[in-house]
Amino acid sequence: MGRYILRRLMWTVVVVIIVTLITFVIFYVLPSGDPALRFAGKEPTAQVLAQVRTDLGLNHSVAVQYLLYLKRLVLGDRYGWPGLGFSYSSGAAIAPQLWQRAQITIQLVLGAAVLWMVIGIPVGVFSALRPRSRFDRASLFVGLVFISTPVFWLGLLMLWLFSSTLGWLQGTGYVAFTTDPVQWAAHMLMPWITLSLAFAAIYARMVRSNMLDTLGEDYIRTARAKGLPERRIVTRHALRASLVPIVTLLAVDIATLVGGTVIVETVFNLQGLGSWVLNGALNQDLPVTLAVTLVATIAVSLLSLVADILYAYMDPRVRPE
Amino acid sequence: MSAPLLEIDDLTVHFPSAAGPVRAVDGLSLSLARGQTLGVVGESGSGKTVTFLAAMRLLERSRPEIHGRILLDGVDVLTLPAREMREVRGPRIGMIFQDPLSALHPLLRVGDQIAETVRAHRDVGRRDARAQSVAALAQVGIPNADERARQYPHQLSGGMRQRVMIAMALILEPDLLIADEPTTALDTTVEAQILDIIDDLRTRLGIGVVLVSHSLATVADVADTVAVMYAGRVVERGPCEAVFAHPSHPYTWGLLDTVPALGAERSRLVPIPGSPPSLIDPPPGCRFAPRCAYRFDACTRHLPELVERGGGHADACVLPVPGRGARRHRLAPSGEEAAP
Amino acid sequence: MKSRLTALGLGLCVGGAAVLLAACGSSSSSTSSGTRGGTYRVEATDFGFSNNFDPTGEYTTNAWGMYRGLLIRTLVGYKMIAGAAGNQLVPDLATSVPTATDGGLTWTFTLKSGVRYAPPVNRVITSHDIVTAFERIANPALAAQYGFYYTTIAGMDTYASGKAKTISGITTPNNQTVVFHLTTPTPDFLYRLSLPAAGPIPQEVSKCFTTPGGYGRDVVSSGPYMIQGSDKVNIASCSTIQPMAGFDPSSKLIMVRNPNYNPSTDSTSMRTALPNEFAFTINSNQADIFNRIKAGQADDSLNAPPASAVATLVASNQKQLIKTGGADATKYISMNLTQAPFDDIHVRKAVNLIMDKAGLQQANGGPLFGLIATHIVPDTMYNNDSAITGYNPYPSANNAGDLAAAQAQMRQSKYDPKQDGLCDTSACKNVFTIAVNTSQDLNEIPVVQSALAKLGITLNIRQLTPSAASGVVSTVSRNVPLALSQGFAKDYADPSTFMVLFESSSIAPTGNVNASLVGLTPALAQQLGVTIPKDDVIPSVDAQAAACGKIPTGNARTTCYINLDKYLMENVVPWVPYLSLNQVHMISPAVTMWDYDQSSDTTAYSHVAVNPAKQS
């Protein structure tokens with residue numbers, strides 16, 4: 001197992017290099033003109049442009065810039081380790097902002113993940129135990145509604161309903177957990193719900209179909225033949241087997257969400273990674289774009305490794321002997 | 001003889017389907033005495049498995065229509081409330097299935113699977129249950145039982161898995177063991193071992209065993225009584241020796257003919273021509289008639305009942321007895337053809 | 001502010017009917033008296049700073065409004081009120097507004113005494129602090145984005161190249177006096193000194209920041225407010241200086257009172273300093289910003305309100321919550337004089353005649369958001385001189401376009417061989433056009449397309465983000481024939497700031513602000529790799545602009561620029577100007593006093609007040 005993990009980690013490094021290289025290429029190939037222009041003011045003189053270019057490191061060729069980037073990433077730069085540089089638009093060092101924003105995004109994603117599992121798994125199980133019942137049909141319909149609803153509309157709807165109209169919940173913005181745990185939860189509740197509803201519906205369907213398959217398996221018949229109580233059969237035997245692919249999918253879904261929460265973050269004014277990279281991309285802020293891409297790539301690679309390890313842990317047939 | 005352990009009385013099991021009810025079991029009666037082995041033989045679709053799944057009340061998901069009685073020590077299990085039935089499965093009836101790889105939970109250790117049977121029905125602590133499961137594994141002849149108990153089904157050979165199933169079915173020392181084609185998925189040498197274990201446990205624990213198989217040969221060694229099923233009904237039953245020495249139903253003759261014999265002059269297998277009838281709309285009269293070489297018109301007019309021929313041997317055929325000539329096959333335990 | 005204009009200040013307003021609310025280029029200000037106290041809360045989707053709030057290079061409207069009203073006092077400044085009066089220079093740090101001596105080459109200023117920096121510096125501001133500001137401007141490493149305004153100060157270049165340790169053209173005979181020596185007379189020099197980069201900077205702090213934008217996290221205030229956390233900054237050495245806690249570029253900028261501010265060195269006509277605190281925060285959900293303002297959870301915004309929000313307020317009889325100010329900015333379509341079919345002046349005139357300016361005004365949200373523009377520089381910058389008000393060289397009924405007149409012009413061009421008033425040749429089909437993809441700029445595209453289609457001109461439109469569009473249009477080698485939704489705002493209230501857009505010296509391979517390439521000479525064209533169409537001479541206004549630039553400020557100068565404007569509109573025709581922009585603000589019911597800062601084109605932060613009881 002150890003060698004397997006090591007090999008996967010090495011592949012992660014390769015993937016990171018490829019992805020950052022692609023990001024670099026896209027940045028320079030897109031027809032946005034000279035990025036230095038963006039930061040040189042309204043009437044840039046040649047001198048100012050040259051200075052800005054040097055300052056941003058744009059005076060080297062693209063290949064050299066890329067290699068310098070890699071070198072600073074690994075060895076650190078004047079702001080510390082890892083060397084992520086500074087944002088072109090704000091001049092501020094990237095690394096501290098990255099941790100800060102990553103925390104917010106991670107809180108958002110993990111909270112939503114907990115919520116969608118808590119909703120999705122029971123709904124899926126009950127639907128599987130009573131297929132084609134009214135509950136099953138209703139959950140399918142409601143699920144389809146949530147999957148089809150655009151996330152931003154759902155977010156705005158939540159704000160309008162719970163914040164403006166009913167006044168139950170606070171509006172947009174973020175309060176740190178350390179500052180006020182209650183307010184933190186109150187502010188995160190709507191973003192969590194908005195993000196999780198579509199996933200809850202998807203996971204409910206997956207659990208339902210996995211459970212239905214599993215319940216038809218021979219070993220369930222054996223368990224019944226042993227006279228085990230039905231509840232134990234459903235949880236320990238059927239659910240346990242059904243959840244194996246779900247848990248591994250969860251790991252990958254969480255990873256891909258790390259860079260994908262842009263809409264929820266914008267609607268609820270959460271300063272996370274998603275809104276940061278959107279602004280960075282629109283403003284030609286290469287270091288920000290690279291930093292978030294890096295984080296997202298590493299997240300996906302590591303979490304899919306975790307998913308595979310989890311799968312091997314949960315299903316002994318898959319373990320590399 | 002004392003009251004039978006298991007008595008099935010005119011059982012019918014019909015499954016609803018879009019085309020009409022599928023008559024998987026259509027008027028079946030059997031009985032088994034304690035300490036005996038009943039071999040139930042028939043081809044796929046004969047209803048042999050459905051009969052015993054019905055006995056275990058494991059068919060409920062498909063919502064079949066069941067009539068008749070299945071008495072276990074005089075109690076009709078078909079009418080028991082679900083909670084009580086759960087106490088029958090395991091402590092009173094144990095069942096093992098055809099493919100032990102799919103019949104065992106792939107993600108749980110075999111020792112745990114056995115232990116949970118114990119803990120479901122007895123107030124036993126985890127450690128005790130584990131100890132009991134290890135002992136059970138040793139009893140069915142698994143070496144290094146302690147180590148094996150911690151393994152997963154895919155890590156064991158086919159024969160060992162089936163031993164695990166046997167251990168699991170018998171750990172609570174039920175009165176009846178139903179073995180549904182336990183050796184079909186195993187090779188011949190292992191098959192013999194498994195049958196031996198079952199037989200051994202039967203004597204040791206004094207239980208009744210139902211051994212379901214599609215192969216007469218399998219059943220010949222260990223059965224005390226044999227029942228041959230066709231299209232949801234019993235067509236011949238009786239003491240094992242009697243059925244093999246003097247089979248009296250043309251289907252049974254056909255089955256015996258299809259067994260390849262070693263060192264015989266015949267070089268080709270003789271199959272029974274035709275195929276089993278549809279269970280949705282079976283033909284009137286004897287179900288086997290369309291394939292029977294000896295049929296005549298009376299066969300297609302009335303559905304024959306089992307008729308006793310003496311000594312517990314019965315068959316459901318209207319052929320005049322003297323006409324049933326010349327078959328005198330007898331299979332010795334090793335499967336060689338013995339001299340008539 | 002070219003790029004900033006389209007990105008901010010106009011925000012996202014969906015084109016819809018908006019009621020005309022005192023949109024005459026002057027503001028509808030309510031200068032009822034306010035009381036001291038409370039926090040003035042401004043929300044925006046983005047600060048949009050161009051140099052991270054470092055005054056040496058920061059070149060955006062939003063920042064200038066904050067500096068002027070709250071943080072940075074300059075030698076001369078403004079009252080920060082609406083209208084032409086708001087563009088008049090008044091003394092701020094200087095005791096009076098001087099006149100030039102020595103044939104316009106020398107400007108002498110006396111500083112008021114007793115003006116102190118805020119914490120952490122605390123000491124009295126001296127003439128040396130002014131010198132520090134200019135040393136930073138001249139320092140190439142700091143990339144002062146409007147440093148070109150100060151090249152007339154003697155010795156700036158020598159200092160910049162490192163050959164001199166001081167700027168010879170700025171002398172400080174004593175702590176209260178600073179003298180500027182120029183290389184050529186510069187009549188609008190006073191305006192240039194009113195820009196925030198020329199404000200005093202304490203060298204003991206600024207010396208620690210050697211890259212562009214670095215000082216922006218630690219701006220030391222000379223005004224009535226300071227960045228929150230200023231007092232906690234340890235300036236013992238460069239390594240101990242931490243960014244001020246109140247400024248986080250991605251989320252907030254909080255300013256609190258400067259304890260060292262002495263109101264007697266200032267005047268309430270310039271600064272009232274009533275709120276206790278100013279809080280600028282980022283809210284990425286634009287609709288939410290205006291909901292919060294309406295609910296009293298915020299007071300103002302850097303973004304313009306969407307037309308729907310404006311309409312709701314009007315309908316519920318609350319139009320006093322909508323404030324406007326003339327933004328001294330023009331929105332225009334720019335045509336490249338070297339690219340067909342715009343290399344023919346008759347085509348350019350025809351485009352001006354056919355353009356549906358009323359439709360474009362509607363696309364931007366209606367008359368509330370701007371008045372129809374008919375020439376280059378907004379009227380207020382000419383002091384509303386009668387010679388220019390009402391000047392409309394390309395009139396049409398209801399400003400919807402005059403097809404007959406346009407076609408008459410087309411017939412005189414070389415692109416109408418059929419003489420049918422339409423552009424017949426292939427040069428008029430699929431003309432490469434850059435457009436901007438913000439929502440109101442997208443609304444403009446169909447209006448332009450249908451107007452030009454009437455002349456037989458079809459467009460191949462490329463929609464880009466504001467910064468990308470600006471980048472492409474300002475790169476000469478891209479040869480962009482037509483650029484939509486362009487905007488330019490004054491840097492200060494002298495028409496010369498607009499005219500720089502037409503000088504040949506402004507043409508550069510990248511970052512070119514003279515997108516029309518007015519004044520392009522064959523030699524310059526060859527250098528840039530641009531082809532001037534055969535037999536064409538690109539008109540130039542260099543001589544006229546230079547002449548106007550020499551005239552001292554006053555009626556004569558104004559008249560000179562008015563004539564130059566008319567010359568451009570009639571004889572060069574580089575643009576189709578269509579909108580003289582307004583800044584629109586929605587304020588909360590808690591705001592008791594509000595005015596418009598004409599000099600910065602923002603809310604006049606020095607003339608606002610709130611009633612905390614009405615805030616939520």
# chains A, B, ... in the order shown; residues from 1 in each chain; ligands from 1

$ select_by_dssp --residues "stretch 158-275 of chain B" --states "strand (DSSP E or B)" --output "PyMOL selection string"
chain B and resi 176-180+208-213+225-230+233-239

$ residues_around --residues "stretch 280-289 of chain A" --least-positions-apart "6" --cutoff "7 Å" --atoms "only C-alpha atoms" --output "MDAnalysis selection string"
(chainID A and resid 35 84:89 94) or (chainID C and resid 467)

$ closest_residue --among "C:Leu403, C:Ala340, C:Cys208, C:Leu568" --to "C:Arg136" --atoms "only C-alpha atoms"
C:Cys208

$ residues_around --residues "stretch 301-317 of chain A" --least-positions-apart "4" --cutoff "10 Å" --atoms "only C-alpha atoms" --output "compact mmCIF listing (two decimals) with N, CA and C atoms, in the first residue's frame"
# COMPACT_ATOMS: atom_id res chain seq x y z
N MET A 1 0.84 -1.20 0.00
CA MET A 1 0.00 0.00 0.00
C MET A 1 0.88 1.25 0.00
N TYR A 4 2.15 2.07 -3.38
CA TYR A 4 1.06 2.55 -4.22
C TYR A 4 0.80 4.03 -3.96
N ILE A 5 0.76 4.39 -2.70
CA ILE A 5 0.53 5.79 -2.34
C ILE A 5 1.66 6.66 -2.89
N ARG A 8 1.22 7.26 -6.53
CA ARG A 8 0.15 8.20 -6.80
C ARG A 8 0.59 9.62 -6.50
N LEU A 9 1.35 9.80 -5.43
CA LEU A 9 1.81 11.15 -5.10
C LEU A 9 2.73 11.68 -6.19
N TRP A 11 2.55 10.94 -9.31
CA TRP A 11 1.67 11.33 -10.41
C TRP A 11 1.01 12.68 -10.14
N THR A 12 0.70 12.92 -8.88
CA THR A 12 0.11 14.22 -8.54
C THR A 12 1.04 15.34 -8.94
N VAL A 13 2.32 15.17 -8.68
CA VAL A 13 3.28 16.21 -9.05
C VAL A 13 3.26 16.42 -10.56
N VAL A 15 0.80 15.86 -12.63
CA VAL A 15 -0.44 16.53 -13.01
C VAL A 15 -0.37 18.01 -12.69
N VAL A 16 0.19 18.35 -11.54
CA VAL A 16 0.30 19.76 -11.16
C VAL A 16 1.14 20.50 -12.19
N ARG A 240 -24.02 -0.81 3.90
CA ARG A 240 -22.57 -0.89 3.93
C ARG A 240 -22.02 -1.15 2.54
N ALA A 241 -22.61 -2.09 1.83
CA ALA A 241 -22.13 -2.37 0.49
C ALA A 241 -22.49 -1.24 -0.47
N LEU A 243 -22.83 1.92 0.11
CA LEU A 243 -22.14 3.19 0.33
C LEU A 243 -20.72 3.22 -0.21
N VAL A 244 -20.16 2.07 -0.48
CA VAL A 244 -18.75 2.06 -0.90
C VAL A 244 -18.51 2.97 -2.10
N PRO A 245 -19.24 2.80 -3.21
CA PRO A 245 -18.98 3.72 -4.33
C PRO A 245 -19.37 5.15 -4.01
N ILE A 246 -20.36 5.33 -3.14
CA ILE A 246 -20.82 6.68 -2.81
C ILE A 246 -19.72 7.44 -2.07
N VAL A 247 -19.10 6.81 -1.12
CA VAL A 247 -18.09 7.50 -0.33
C VAL A 247 -16.92 7.92 -1.21
N THR A 248 -16.54 7.04 -2.14
CA THR A 248 -15.43 7.41 -3.01
C THR A 248 -15.83 8.54 -3.93
N LEU A 249 -17.08 8.53 -4.40
CA LEU A 249 -17.54 9.63 -5.24
C LEU A 249 -17.55 10.92 -4.45
N LEU A 250 -17.92 10.83 -3.18
CA LEU A 250 -17.96 12.01 -2.33
C LEU A 250 -16.60 12.69 -2.28
N ALA A 251 -15.56 11.89 -2.14
CA ALA A 251 -14.23 12.48 -2.06
C ALA A 251 -13.93 13.30 -3.32
N VAL A 252 -14.26 12.74 -4.46
CA VAL A 252 -13.95 13.45 -5.70
C VAL A 252 -14.85 14.67 -5.87
N ASP A 253 -16.13 14.54 -5.49
CA ASP A 253 -17.03 15.69 -5.60
C ASP A 253 -16.55 16.85 -4.74
N ILE A 254 -16.10 16.54 -3.53
CA ILE A 254 -15.60 17.60 -2.67
C ILE A 254 -14.41 18.29 -3.32
N ALA A 255 -13.54 17.48 -3.87
CA ALA A 255 -12.34 18.05 -4.48
C ALA A 255 -12.70 18.98 -5.63
N THR A 256 -13.61 18.55 -6.49
CA THR A 256 -13.92 19.41 -7.63
C THR A 256 -14.68 20.65 -7.20
N VAL A 295 -4.21 24.87 -6.13
CA VAL A 295 -4.92 24.29 -5.00
C VAL A 295 -5.98 23.31 -5.48
N ALA A 296 -6.72 23.70 -6.50
CA ALA A 296 -7.79 22.84 -6.99
C ALA A 296 -7.21 21.54 -7.53
N THR A 297 -6.11 21.64 -8.29
CA THR A 297 -5.51 20.43 -8.85
C THR A 297 -5.03 19.50 -7.76
N GLU A 321 -2.81 -6.76 -3.17
CA GLU A 321 -2.21 -7.74 -2.26
C GLU A 321 -0.71 -7.71 -2.31
N PRO B 106 -19.42 -9.91 0.88
CA PRO B 106 -18.03 -9.73 0.48
C PRO B 106 -17.22 -8.80 1.37
N LEU B 107 -17.90 -7.96 2.13
CA LEU B 107 -17.15 -6.95 2.86
C LEU B 107 -16.99 -7.29 4.35
N LEU B 108 -17.56 -8.38 4.77
CA LEU B 108 -17.44 -8.73 6.18
C LEU B 108 -16.59 -9.98 6.33
N ARG B 109 -15.84 -10.02 7.42
CA ARG B 109 -15.03 -11.21 7.66
C ARG B 109 -15.94 -12.40 7.94
N GLN B 151 -10.56 -13.79 7.86
CA GLN B 151 -10.41 -13.52 6.43
C GLN B 151 -11.74 -13.19 5.78
N TYR B 152 -11.65 -12.73 4.55
CA TYR B 152 -12.83 -12.36 3.79
C TYR B 152 -13.17 -13.48 2.81
N PRO B 153 -14.41 -13.58 2.40
CA PRO B 153 -14.81 -14.70 1.55
C PRO B 153 -13.94 -14.87 0.30
N HIS B 154 -13.50 -13.77 -0.31
CA HIS B 154 -12.77 -13.93 -1.55
C HIS B 154 -11.38 -14.50 -1.32
N GLN B 155 -10.98 -14.56 -0.06
CA GLN B 155 -9.66 -15.10 0.22
C GLN B 155 -9.69 -16.62 0.45

$ interface_residues --of "chain A" --to "chain B" --cutoff "10 Å" --atoms "only C-alpha atoms" --output "PDB file with C-alpha atoms, in the first residue's frame"
ATOM      1  CA  GLY A 216     -31.308  -8.164  -4.696  1.00  0.00           C
ATOM      2  CA  GLU A 217     -27.957  -9.773  -4.002  1.00  0.00           C
ATOM      3  CA  ASP A 218     -27.572 -13.327  -2.762  1.00  0.00           C
ATOM      4  CA  TYR A 219     -25.907 -12.382   0.466  1.00  0.00           C
ATOM      5  CA  ILE A 220     -28.930 -10.398   1.518  1.00  0.00           C
ATOM      6  CA  ARG A 221     -30.956 -13.540   1.051  1.00  0.00           C
ATOM      7  CA  THR A 222     -28.447 -15.392   3.201  1.00  0.00           C
ATOM      8  CA  ALA A 223     -28.729 -12.722   5.868  1.00  0.00           C
ATOM      9  CA  ARG A 224     -32.491 -13.129   5.910  1.00  0.00           C
ATOM     10  CA  ALA A 225     -32.068 -16.887   5.984  1.00  0.00           C
ATOM     11  CA  LYS A 226     -30.008 -16.439   9.127  1.00  0.00           C
ATOM     12  CA  GLY A 227     -32.955 -14.727  10.747  1.00  0.00           C
ATOM     13  CA  LEU A 228     -31.219 -11.373  11.183  1.00  0.00           C
ATOM     14  CA  PRO A 229     -33.481  -8.451  12.064  1.00  0.00           C
ATOM     15  CA  GLU A 230     -34.464  -6.428   9.003  1.00  0.00           C
ATOM     16  CA  ARG A 232     -29.551  -4.882  10.682  1.00  0.00           C
ATOM     17  CA  ARG A 236     -24.974  -3.458   8.184  1.00  0.00           C
ATOM     18  CA  HIS A 237     -25.362  -5.557   5.081  1.00  0.00           C
ATOM     19  CA  ALA A 238     -27.105  -3.540   2.372  1.00  0.00           C
ATOM     20  CA  ARG A 240     -22.568  -0.885   3.932  1.00  0.00           C
ATOM     21  CA  ALA A 241     -22.132  -2.374   0.489  1.00  0.00           C
ATOM     22  CA  VAL A 244     -18.753   2.063  -0.896  1.00  0.00           C
ATOM     23  CA  TYR A 313     -10.345   0.047   3.003  1.00  0.00           C
ATOM     24  CA  MET A 314     -14.036  -0.489   2.604  1.00  0.00           C
ATOM     25  CA  ASP A 315     -13.937  -3.258   0.019  1.00  0.00           C
ATOM     26  CA  PRO A 316     -11.311  -5.868   0.818  1.00  0.00           C
ATOM     27  CA  ARG A 317     -11.570  -7.397  -2.618  1.00  0.00           C
TER      28      ARG A 317
END

$ closest_residue --among "C:Asn514, C:Thr152, C:Thr172, C:Thr240" --to "chain A" --atoms "only C-alpha atoms"
C:Asn514

$ residues_around --residues "A:Tyr66" --least-positions-apart "6" --cutoff "12 Å" --atoms "only C-alpha atoms" --output "list of chain:residue names"
A:Ile17, A:Ile18, A:Val19, A:Thr20, A:Leu21, A:Ile22, A:Thr23, A:Phe24, A:Val25, A:Phe27, A:Tyr28, A:Gly57, A:Leu58, A:His60, A:Arg72, A:Leu73, A:Leu286, A:Pro287, A:Leu290

$ write_last_selection --atoms "C-alpha atoms" --output "short mmCIF file (atom, residue, chain, number, x, y, z; two decimals), in the first residue's frame"
data_model
loop_
_atom_site.label_atom_id
_atom_site.label_comp_id
_atom_site.auth_asym_id
_atom_site.auth_seq_id
_atom_site.Cartn_x
_atom_site.Cartn_y
_atom_site.Cartn_z
CA ILE A 17 3.09 20.58 -13.57
CA ILE A 18 0.91 19.91 -16.58
CA VAL A 19 -2.01 21.93 -15.26
CA THR A 20 0.08 24.93 -14.29
CA LEU A 21 1.76 24.81 -17.66
CA ILE A 22 -1.61 24.82 -19.40
CA THR A 23 -2.77 27.73 -17.25
CA PHE A 24 0.33 29.66 -18.22
CA VAL A 25 -0.19 28.95 -21.89
CA PHE A 27 -3.01 33.15 -20.00
CA TYR A 28 -0.59 34.21 -22.66
CA GLY A 57 8.19 39.55 -13.96
CA LEU A 58 6.71 39.86 -17.42
CA HIS A 60 11.13 37.39 -19.39
CA ARG A 72 9.83 29.75 -6.59
CA LEU A 73 6.97 27.39 -5.91
CA LEU A 286 -1.96 35.44 -13.33
CA PRO A 287 -0.54 34.63 -9.87
CA LEU A 290 -2.29 29.97 -10.85
#

$ closest_atom_pairs --of "chain C" --to "chain A" --cutoff "6 Å" --atoms "only C-alpha atoms" --output "tab-separated table"
residue	atom	partner	partner_atom	distance
C:Met1	CA	A:Lys42	CA	5.7
C:Lys2	CA	A:Lys42	CA	5.7
C:Ser50	CA	A:Phe39	CA	5.9
C:Asn52	CA	A:Ser90	CA	4.9
C:Ala143	CA	A:Val48	CA	4.8
C:Gln145	CA	A:Gly41	CA	5.3
C:Asn283	CA	A:Asn269	CA	5.3
C:Ser284	CA	A:Asn269	CA	4.9
C:Asn285	CA	A:Val267	CA	4.9
C:Ala468	CA	A:Ser32	CA	4.4
C:Gly471	CA	A:Gly33	CA	4.9
C:Val472	CA	A:Gly33	CA	5.4
C:Gly511	CA	A:Pro44	CA	5.6

$ write_last_selection --atoms "N, CA and C atoms" --output "PDB file, in the first residue's frame"
ATOM      1  N   MET C   1     -10.662  58.454 -16.811  1.00  0.00           N
ATOM      2  CA  MET C   1     -10.017  57.204 -16.467  1.00  0.00           C
ATOM      3  C   MET C   1     -10.577  56.138 -17.395  1.00  0.00           C
ATOM      4  N   LYS C   2      -9.841  55.881 -18.442  1.00  0.00           N
ATOM      5  CA  LYS C   2     -10.442  55.088 -19.502  1.00  0.00           C
ATOM      6  C   LYS C   2     -10.950  53.724 -19.050  1.00  0.00           C
ATOM      7  N   SER C  50      -6.025  50.767  -9.109  1.00  0.00           N
ATOM      8  CA  SER C  50      -5.054  50.431 -10.147  1.00  0.00           C
ATOM      9  C   SER C  50      -3.653  50.291  -9.577  1.00  0.00           C
ATOM     10  N   ASN C  52      -3.124  49.561  -5.987  1.00  0.00           N
ATOM     11  CA  ASN C  52      -3.221  49.103  -4.617  1.00  0.00           C
ATOM     12  C   ASN C  52      -3.326  50.225  -3.595  1.00  0.00           C
ATOM     13  N   ALA C 143       6.781  53.336 -10.651  1.00  0.00           N
ATOM     14  CA  ALA C 143       5.807  53.368 -11.745  1.00  0.00           C
ATOM     15  C   ALA C 143       4.632  54.290 -11.462  1.00  0.00           C
ATOM     16  N   GLN C 145       1.750  56.271 -12.228  1.00  0.00           N
ATOM     17  CA  GLN C 145       0.974  56.100 -13.449  1.00  0.00           C
ATOM     18  C   GLN C 145       0.613  57.406 -14.133  1.00  0.00           C
ATOM     19  N   ASN C 283     -18.855  43.701  -1.397  1.00  0.00           N
ATOM     20  CA  ASN C 283     -19.979  42.760  -1.396  1.00  0.00           C
ATOM     21  C   ASN C 283     -20.124  42.262  -2.820  1.00  0.00           C
ATOM     22  N   SER C 284     -19.828  40.969  -3.009  1.00  0.00           N
ATOM     23  CA  SER C 284     -19.789  40.480  -4.390  1.00  0.00           C
ATOM     24  C   SER C 284     -21.170  40.364  -5.018  1.00  0.00           C
ATOM     25  N   ASN C 285     -22.220  40.463  -4.225  1.00  0.00           N
ATOM     26  CA  ASN C 285     -23.563  40.319  -4.774  1.00  0.00           C
ATOM     27  C   ASN C 285     -24.144  41.702  -5.004  1.00  0.00           C
ATOM     28  N   ALA C 468      -9.742  43.607 -21.116  1.00  0.00           N
ATOM     29  CA  ALA C 468      -9.241  43.011 -22.355  1.00  0.00           C
ATOM     30  C   ALA C 468      -9.515  43.929 -23.534  1.00  0.00           C
ATOM     31  N   GLY C 471      -7.125  46.676 -23.543  1.00  0.00           N
ATOM     32  CA  GLY C 471      -5.811  46.212 -23.979  1.00  0.00           C
ATOM     33  C   GLY C 471      -5.714  46.090 -25.489  1.00  0.00           C
ATOM     34  N   VAL C 472      -6.747  45.498 -26.096  1.00  0.00           N
ATOM     35  CA  VAL C 472      -6.688  45.283 -27.544  1.00  0.00           C
ATOM     36  C   VAL C 472      -6.756  46.603 -28.291  1.00  0.00           C
ATOM     37  N   GLY C 511      -0.565  50.427 -24.974  1.00  0.00           N
ATOM     38  CA  GLY C 511      -1.019  51.462 -24.067  1.00  0.00           C
ATOM     39  C   GLY C 511      -1.300  52.756 -24.797  1.00  0.00           C
TER      40      GLY C 511
END

$ residues_around --residues "stretch 94-111 of chain C" --least-positions-apart "3" --cutoff "7 Å" --atoms "only C-alpha atoms" --output "PyMOL selection string"
chain C and resi 75-76+90-91+176-186

$ select_by_dssp --residues "stretch 39-260 of chain B" --states "alpha helix (DSSP H)" --output "PyMOL selection string"
chain B and resi 48-55+82-88+100-103+110-121+126-139+145-149+158-170+188-205+216-222+240-245+250-257
